[in-house]
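Undergrad: Below is one structure. I have some questions about it.
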Amino acid sequence: MELSNSNKMRDLAEKVCREDGVRLTKNRWNILTLMLSGKKALSAYEISDQLKDKLNISQPVMSVYRNLDFLEKRRLVHKISIVNKYTACSHIACKHKHDFIRIAVCSNCSAVKELLSEKDFKKDLNKNLDEIDFHLESKHLELIGLCSNCNKNK
């Protein structure tokens, strides 16, 4: 991530935190920066290792988990439950609400792409759920498959 983009992202992340009455600490920002600079989902252990290797910062895994929880509550990162990894929200700078998150995850290399929710998709899904009187606890859909690179090499 280049410096100007980094400053913009930091300003946006700080704004999100300020609106929520909390602070974006240096440790939280370091984790978010690390995640914004990559294209793969990372586990808390991988984040802890990369903080040490790339930034020479020692942060225990439990602290990483607490910071990830903080960032997830503010929708700055998303947890991918099926692989127990995290990815930075790719729509931090968007002005619209993200009321249904769809994330495509490569089962081979952990590459991640966040998809925008189309109105028709949400409308159809809500209609289907209403028909069976089912109420979502989480509006988060994880799509597991192979990215184009891994699909070419199989």
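By convention here, the chains of the structure tokens are called A, B, ... in the order presented, each chain's residues are numbered starting at 1, and ligands are numbered starting at 1 in the order presented.
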Using only C-alpha atoms, which residues sit within 9 Å of Val64 in chain A once same-chain residues fewer than 4 positions away are excluded, as a ChimeraX atom specification?
TA: /A:27-28,31,44-45,47-48,59-60,68-69
Undergrad: Store the residues picked out above in a file with C-alpha atoms, as a compact mmCIF listing (two decimals), in the first residue's frame.
TA:
```
# COMPACT_ATOMS: atom_id res chain seq x y z
CA ASN A 27 -1.17 -1.84 17.52
CA ARG A 28 -4.58 -1.92 15.83
CA ILE A 31 -2.47 -5.02 12.11
CA ALA A 44 -3.85 -14.49 14.13
CA TYR A 45 -0.67 -16.58 14.28
CA ILE A 47 -0.35 -11.87 11.65
CA SER A 48 1.78 -12.17 14.80
CA GLN A 59 2.73 -8.92 19.68
CA PRO A 60 1.40 -12.03 21.43
CA LEU A 68 -8.81 -8.33 15.40
CA ASP A 69 -12.02 -8.53 17.44
```
Undergrad: If you run DSSP on the backbone, which residues of chain A are strand (DSSP E or B), as a PyMOL selection string?
TA: chain A and resi 40+42+77-80+85-88+101-106+111-115+140-145
Undergrad: Please write the residues from the selection above to a file, keeping N, CA and C atoms, as a short mmCIF file (atom, residue, chain, number, x, y, z; two decimals), in the first residue's frame.
TA:
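What follows is the written file again-v7.cif:
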```cif
data_model
loop_
_atom_site.label_atom_id
_atom_site.label_comp_id
_atom_site.auth_asym_id
_atom_site.auth_seq_id
_atom_site.Cartn_x
_atom_site.Cartn_y
_atom_site.Cartn_z
N LYS A 40 -4.19 -11.95 0.89
CA LYS A 40 -4.56 -13.26 1.43
C LYS A 40 -5.14 -13.10 2.81
N LEU A 42 -5.38 -14.05 6.62
CA LEU A 42 -4.33 -14.42 7.57
C LEU A 42 -4.93 -14.87 8.90
N VAL A 77 -12.17 -5.20 9.36
CA VAL A 77 -11.72 -6.52 8.91
C VAL A 77 -12.90 -7.47 9.01
N HIS A 78 -12.80 -8.56 8.27
CA HIS A 78 -13.84 -9.60 8.30
C HIS A 78 -13.20 -10.92 8.72
N LYS A 79 -13.89 -11.62 9.59
CA LYS A 79 -13.43 -12.96 9.97
C LYS A 79 -14.03 -13.96 8.99
N ILE A 80 -13.18 -14.84 8.50
CA ILE A 80 -13.64 -15.92 7.63
C ILE A 80 -13.66 -17.17 8.48
N LYS A 85 -9.55 -17.33 9.58
CA LYS A 85 -8.61 -16.31 9.15
C LYS A 85 -9.35 -15.00 9.00
N TYR A 86 -8.59 -13.93 8.78
CA TYR A 86 -9.15 -12.59 8.70
C TYR A 86 -8.66 -11.91 7.43
N THR A 87 -9.46 -10.98 6.94
CA THR A 87 -9.09 -10.17 5.79
C THR A 87 -9.55 -8.74 6.02
N ALA A 88 -8.80 -7.79 5.50
CA ALA A 88 -9.20 -6.39 5.61
C ALA A 88 -10.42 -6.15 4.72
N ILE A 101 -22.19 -9.09 3.56
CA ILE A 101 -20.80 -9.29 3.14
C ILE A 101 -20.68 -10.64 2.45
N ARG A 102 -20.09 -10.64 1.27
CA ARG A 102 -19.80 -11.87 0.55
C ARG A 102 -18.31 -11.91 0.28
N ILE A 103 -17.67 -12.99 0.70
CA ILE A 103 -16.22 -13.11 0.56
C ILE A 103 -15.91 -14.42 -0.15
N ALA A 104 -15.13 -14.32 -1.24
CA ALA A 104 -14.67 -15.50 -1.96
C ALA A 104 -13.25 -15.82 -1.46
N VAL A 105 -13.05 -17.06 -1.00
CA VAL A 105 -11.77 -17.46 -0.43
C VAL A 105 -11.23 -18.67 -1.19
N CYS A 106 -9.98 -18.58 -1.61
CA CYS A 106 -9.34 -19.71 -2.28
C CYS A 106 -8.95 -20.74 -1.23
N ALA A 111 -6.18 -16.72 -0.99
CA ALA A 111 -6.46 -15.43 -1.62
C ALA A 111 -7.92 -15.08 -1.34
N VAL A 112 -8.18 -13.78 -1.16
CA VAL A 112 -9.51 -13.33 -0.76
C VAL A 112 -9.97 -12.20 -1.67
N LYS A 113 -11.23 -12.24 -2.03
CA LYS A 113 -11.88 -11.14 -2.75
C LYS A 113 -13.22 -10.89 -2.07
N GLU A 114 -13.47 -9.63 -1.75
CA GLU A 114 -14.76 -9.25 -1.18
C GLU A 114 -15.65 -8.77 -2.32
N LEU A 115 -16.86 -9.27 -2.35
CA LEU A 115 -17.79 -8.94 -3.43
C LEU A 115 -18.80 -7.92 -2.94
N HIS A 140 -23.26 -12.60 6.46
CA HIS A 140 -21.88 -12.82 6.05
C HIS A 140 -21.86 -14.16 5.33
N LEU A 141 -21.48 -14.14 4.06
CA LEU A 141 -21.47 -15.35 3.26
C LEU A 141 -20.05 -15.63 2.80
N GLU A 142 -19.57 -16.83 3.07
CA GLU A 142 -18.22 -17.24 2.68
C GLU A 142 -18.33 -18.22 1.52
N LEU A 143 -17.67 -17.86 0.43
CA LEU A 143 -17.67 -18.71 -0.76
C LEU A 143 -16.28 -19.33 -0.88
N ILE A 144 -16.22 -20.64 -0.83
CA ILE A 144 -14.94 -21.35 -0.84
C ILE A 144 -14.76 -22.02 -2.20
N GLY A 145 -13.62 -21.82 -2.81
CA GLY A 145 -13.33 -22.41 -4.11
C GLY A 145 -11.87 -22.19 -4.46
#
```
Undergrad: Just list as an NGL selection string whatever in chain A DSSP marks as helix (DSSP H, G or I).
TA: :A and (3-19 or 26-36 or 44-55 or 61-73 or 81-83 or 119-131 or 148-152)
Undergrad: Between CA of Arg74 in chain A and CA of Lys127 in chain A, what is the distance in Å, rounded to a tenth?
TA: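 Between CA of Arg74 in chain A and CA of Lys127 in chain A the gap is 27.9 Å.
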Undergrad: Identify, on the basis of only C-alpha atoms, every residue whose closest approach to Ser58 in chain A does not exceed 9 Å; exclude the query and any residue fewer than 4 positions from it along the same chain; express the result as a CSV table (one decimal) with N, CA and C atoms, in the first residue's frame.
TA:
```
chain,number,residue,atom,x,y,z
A,48,SER,N,0.7,-12.3,13.8
A,48,SER,CA,1.8,-12.2,14.8
A,48,SER,C,3.2,-12.4,14.2
A,49,ASP,N,3.3,-13.4,13.4
A,49,ASP,CA,4.6,-13.7,12.8
A,49,ASP,C,5.0,-12.6,11.8
A,51,LEU,N,4.0,-9.4,11.8
A,51,LEU,CA,4.4,-8.2,12.6
A,51,LEU,C,5.8,-8.3,13.0
A,52,LYS,N,6.2,-9.4,13.5
A,52,LYS,CA,7.6,-9.6,13.9
A,52,LYS,C,8.6,-9.6,12.7
```
Undergrad: Which of these, A:Phe100, A:Lys123, A:Ser110, A:Phe70, has the shortest distance to Glu137 in chain A once you count only C-alpha atoms?
TA: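 Result for the nearest residue to Glu137 in chain A: A:Phe100.
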Undergrad: Take CA of Lys139 in chain A and CA of Ile92 in chain A and report the distance between them in Å, one decimal.
TA: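 Between CA of Lys139 in chain A and CA of Ile92 in chain A the gap works out to 17.2 Å.
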Undergrad: So how far away is CA of Ser81 in chain A from CA of Lys119 in chain A, in Å?
TA: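 So the answer is 24.6 Å.
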Undergrad: So that I can see what lies close to range 10-26 of chain A, please list as an NGL selection string the residues with an atom at most 7 Å from it, counting only C-alpha atoms and leaving out residues fewer than 3 positions away in the same chain.
TA: :A and (6-7 or 29-30 or 74 or 93)
